[in-house]
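These notes are about the structure you will find just below.
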Amino acid sequence: MDRALTLRSTTVGIKAIMAVTGAVLFGFVVVHMLGNLQLWLGAAAMHDYAVSLRKIHGVLWIARAVLLTSVIAHAASAIALVRRNNAARPVAYKHARRDQATNYAARTMPLTGIVVALYIVYHILHLTLGVGVAAHDPQNPFNNVVHGFSDWRIAGVYIVANLLLSVHLFHGGYAWFNSLGLSNPRYAGMKRMFAVGLAGLITAGNVALPVSVLVGAVQPTQETFCSPELGPCAAPAVEPVR
């Protein structure tokens, strides 16, 4: 118990919490991206993927609980660190520091973090719950994504949000090494390459989805699906009486 209290009350401990929760959230981002990339495999593949997630119902809720806890702990740690930094240095430096490879990304972390948090809420409401989406079909996640990204304004929101996420991931990837004690300047180049590659791959995968819909590379399907795991099925079309 004392160790847990110490972990939350020291700067090193708070940074450790941020590193661990950041790793959990990064893992989710990668898995989520790979799942969404099944859009290119077709409607059936995406439907089967959605069904497979629902079949591990208990595990899915455990994963959601872990993710929610990680988001809250990550955000709380970030706020605590910002407050500590402000309290330790109430007067700003006269000259900007030039020895930080991720200086701009680091300074915008609170902003990008807030935007990413809002984006997560919007993403859940839009594609998962279908709030305000008339054509939302829980049985057809493929068409939900395609119809959603067919609107350039919605696609633009996703693209901008993922570009900001890339800035957040870039600094997060760089900071992992510092959390592991690899803060020696000799590792700066390696850390930068890792962070750029990490953020670049994830951003490319996420941005490619709305772009592929906007350019017409992915079209809505006429296939229909019915799996109880995803909710009620649409009523079959009734032939007109002649």
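Order determines the names: the first chain of the structure tokens is A, the second B, and so forth; residues in each chain are numbered 1 upward, and ligands are numbered 1 upward as they are shown.
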Residues near range 198-215 of chain A, anyone? I mean within 7 Å using only C-alpha atoms, not counting same-chain ones fewer than 6 positions away, as a PDB file with N, CA and C atoms, in the first residue's frame.
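Final output, saved to out.pdb:
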ATOM      1  N   VAL A  30      -2.708  -0.180 -31.912  1.00  0.00           N
ATOM      2  CA  VAL A  30      -2.191  -1.071 -32.952  1.00  0.00           C
ATOM      3  C   VAL A  30      -3.219  -2.154 -33.293  1.00  0.00           C
ATOM      4  N   MET A  33      -6.199  -0.673 -35.083  1.00  0.00           N
ATOM      5  CA  MET A  33      -5.869  -0.338 -36.471  1.00  0.00           C
ATOM      6  C   MET A  33      -5.874  -1.589 -37.345  1.00  0.00           C
ATOM      7  N   VAL A 146     -17.837   2.795 -44.400  1.00  0.00           N
ATOM      8  CA  VAL A 146     -17.820   3.373 -45.750  1.00  0.00           C
ATOM      9  C   VAL A 146     -18.770   4.567 -45.838  1.00  0.00           C
ATOM     10  N   PHE A 149     -17.278   7.577 -43.821  1.00  0.00           N
ATOM     11  CA  PHE A 149     -16.143   8.254 -44.446  1.00  0.00           C
ATOM     12  C   PHE A 149     -16.487   8.814 -45.820  1.00  0.00           C
ATOM     13  N   SER A 150     -17.661   8.516 -46.345  1.00  0.00           N
ATOM     14  CA  SER A 150     -18.061   9.082 -47.632  1.00  0.00           C
ATOM     15  C   SER A 150     -18.318  10.577 -47.518  1.00  0.00           C
ATOM     16  N   TRP A 152     -16.925  13.950 -46.638  1.00  0.00           N
ATOM     17  CA  TRP A 152     -15.561  14.469 -46.526  1.00  0.00           C
ATOM     18  C   TRP A 152     -15.331  15.211 -45.217  1.00  0.00           C
ATOM     19  N   ALA A 155     -14.687  12.442 -42.693  1.00  0.00           N
ATOM     20  CA  ALA A 155     -13.364  11.892 -43.011  1.00  0.00           C
ATOM     21  C   ALA A 155     -12.270  12.866 -42.590  1.00  0.00           C
ATOM     22  N   ILE A 159      -9.034  12.270 -40.165  1.00  0.00           N
ATOM     23  CA  ILE A 159      -7.671  12.485 -40.668  1.00  0.00           C
ATOM     24  C   ILE A 159      -6.912  13.453 -39.764  1.00  0.00           C
ATOM     25  N   ASN A 162      -6.108  11.896 -36.379  1.00  0.00           N
ATOM     26  CA  ASN A 162      -5.019  10.920 -36.432  1.00  0.00           C
ATOM     27  C   ASN A 162      -3.669  11.581 -36.654  1.00  0.00           C
ATOM     28  N   LEU A 163      -3.645  12.711 -37.331  1.00  0.00           N
ATOM     29  CA  LEU A 163      -2.392  13.451 -37.471  1.00  0.00           C
ATOM     30  C   LEU A 163      -1.941  13.995 -36.108  1.00  0.00           C
ATOM     31  N   SER A 166      -0.587  11.242 -34.105  1.00  0.00           N
ATOM     32  CA  SER A 166       0.785  10.889 -34.475  1.00  0.00           C
ATOM     33  C   SER A 166       1.796  11.735 -33.704  1.00  0.00           C
ATOM     34  N   LEU A 169       1.885  10.243 -30.252  1.00  0.00           N
ATOM     35  CA  LEU A 169       2.607   8.975 -30.248  1.00  0.00           C
ATOM     36  C   LEU A 169       4.108   9.185 -30.449  1.00  0.00           C
ATOM     37  N   PHE A 170       4.460  10.189 -31.239  1.00  0.00           N
ATOM     38  CA  PHE A 170       5.872  10.471 -31.476  1.00  0.00           C
ATOM     39  C   PHE A 170       6.584  10.810 -30.169  1.00  0.00           C
TER      40      PHE A 170
END
For Leu53 in chain A: contacts at 12 Å, only C-alpha atoms, fewer than 3 positions along chain excluded, given as JSON, numbers by chain: {"A": [32, 35, 46, 47, 48, 49, 50, 56, 57, 58, 59, 60, 61, 63, 64, 229, 230]}
Now that the selection is made, can you save its residues with C-alpha atoms as a CSV table (one decimal), in the first residue's frame?
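Result written to result.csv:
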chain,number,residue,atom,x,y,z
A,32,HIS,CA,-7.6,-1.5,-33.3
A,35,GLY,CA,-8.9,-4.8,-37.0
A,46,MET,CA,-15.2,-7.2,-41.2
A,47,HIS,CA,-18.5,-8.7,-40.1
A,48,ASP,CA,-16.8,-11.9,-38.9
A,49,TYR,CA,-14.2,-9.9,-37.0
A,50,ALA,CA,-17.0,-7.9,-35.2
A,56,ILE,CA,-15.4,-13.3,-26.2
A,57,HIS,CA,-17.9,-11.1,-24.3
A,58,GLY,CA,-16.3,-11.5,-20.8
A,59,VAL,CA,-12.8,-10.8,-22.2
A,60,LEU,CA,-14.1,-7.9,-24.2
A,61,TRP,CA,-15.5,-6.2,-21.0
A,63,ALA,CA,-10.3,-5.2,-22.0
A,64,ARG,CA,-12.7,-2.2,-21.9
A,229,GLU,CA,-24.0,-11.4,-31.3
A,230,LEU,CA,-24.3,-8.0,-33.1
To one decimal in Å, tell me the separation between CA of Ile79 in chain A and CA of Thr21 in chain A. 14.2 Å
Write out as an MDAnalysis selection string the set of residues from range 19-222 of chain A that DSSP, computed on the backbone, places in alpha helix (DSSP H). chainID A and resid 19:36 43:55 57:88 103:107 109:123 141:150 152:179 188:214
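Among the candidate residues A:Asn140, A:Ile124, A:Ala76, A:Arg83, the one lying nearest to Pro232 in chain A is A:Asn140, with distances computed using only C-alpha atoms.
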Please report the interatomic distance between CA of Tyr187 in chain A and CA of Leu25 in chain A in Å with one decimal. 24.5 Å
Close residues, Pro228 in chain A itself excluded, 12 Å, only C-alpha atoms, min 2 positions apart in chain, as a list in words: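 The filter keeps His47, Ala50, Val51, Ser52, Arg54, Lys55, Pro138, Gln139, Phe225, Cys226, Leu230, Gly231, Pro232, Cys233 and Ala234 of chain A.
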Using only C-alpha atoms for the distances, tell me which of A:Asn178, A:Ala217, A:Asn86, A:Gly173 is nearest to Val196 in chain A.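 Counting only C-alpha atoms, the residue closest to Val196 in chain A is A:Gly173.
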For Gly172 in chain A, list every protein, DNA or RNA residue within 9 Å, evaluated using only C-alpha atoms, and leave out those in the same chain fewer than 6 positions away; present the list as a short mmCIF file (atom, residue, chain, number, x, y, z; two decimals) with C-alpha atoms, in the first residue's frame.
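New file part.cif:
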data_model
loop_
_atom_site.label_atom_id
_atom_site.label_comp_id
_atom_site.auth_asym_id
_atom_site.auth_seq_id
_atom_site.Cartn_x
_atom_site.Cartn_y
_atom_site.Cartn_z
CA ALA A 19 4.71 4.93 -19.37
CA GLY A 22 0.79 4.62 -22.48
CA ALA A 23 2.09 1.19 -23.48
CA ALA A 106 6.36 17.61 -25.84
CA MET A 109 1.16 16.97 -25.48
CA ALA A 195 9.36 7.33 -32.47
#
Fewer than 5 positions away in the same chain doesn't count, so skip those; otherwise give me all residues within 12 Å of Leu118 in chain A, counting only C-alpha atoms, as a PyMOL selection string. chain A and resi 111-113+123-125+157-158+161-162+164-165
Okay, now the selection with N, CA and C atoms, as a JSON list (two decimals), in the first residue's frame?
[["chain", "number", "residue", "atom", "x", "y", "z"],
["A", 111, "LEU", "N", -2.42, 19.53, -25.34],
["A", 111, "LEU", "CA", -3.40, 19.84, -26.38],
["A", 111, "LEU", "C", -3.77, 18.61, -27.19],
["A", 112, "THR", "N", -2.75, 17.90, -27.69],
["A", 112, "THR", "CA", -3.05, 16.71, -28.49],
["A", 112, "THR", "C", -3.75, 15.65, -27.66],
["A", 113, "GLY", "N", -3.42, 15.57, -26.38],
["A", 113, "GLY", "CA", -4.08, 14.61, -25.50],
["A", 113, "GLY", "C", -5.56, 14.89, -25.37],
["A", 123, "HIS", "N", -15.58, 9.00, -31.89],
["A", 123, "HIS", "CA", -15.45, 7.75, -32.64],
["A", 123, "HIS", "C", -16.42, 6.69, -32.11],
["A", 124, "ILE", "N", -16.53, 6.58, -30.79],
["A", 124, "ILE", "CA", -17.43, 5.60, -30.19],
["A", 124, "ILE", "C", -18.88, 5.94, -30.52],
["A", 125, "LEU", "N", -19.24, 7.21, -30.39],
["A", 125, "LEU", "CA", -20.61, 7.63, -30.68],
["A", 125, "LEU", "C", -20.94, 7.43, -32.16],
["A", 157, "VAL", "N", -12.36, 15.00, -40.13],
["A", 157, "VAL", "CA", -12.21, 14.95, -38.67],
["A", 157, "VAL", "C", -11.29, 13.80, -38.28],
["A", 158, "TYR", "N", -11.50, 12.63, -38.90],
["A", 158, "TYR", "CA", -10.67, 11.46, -38.59],
["A", 158, "TYR", "C", -9.22, 11.68, -39.02],
["A", 161, "ALA", "N", -7.58, 14.26, -36.65],
["A", 161, "ALA", "CA", -7.40, 13.66, -35.33],
["A", 161, "ALA", "C", -6.24, 12.67, -35.31],
["A", 162, "ASN", "N", -6.11, 11.90, -36.38],
["A", 162, "ASN", "CA", -5.02, 10.92, -36.43],
["A", 162, "ASN", "C", -3.67, 11.58, -36.65],
["A", 164, "LEU", "N", -2.89, 14.47, -35.32],
["A", 164, "LEU", "CA", -2.57, 14.93, -33.97],
["A", 164, "LEU", "C", -2.17, 13.76, -33.08],
["A", 165, "LEU", "N", -2.83, 12.62, -33.29],
["A", 165, "LEU", "CA", -2.45, 11.41, -32.55],
["A", 165, "LEU", "C", -1.01, 11.02, -32.85]]
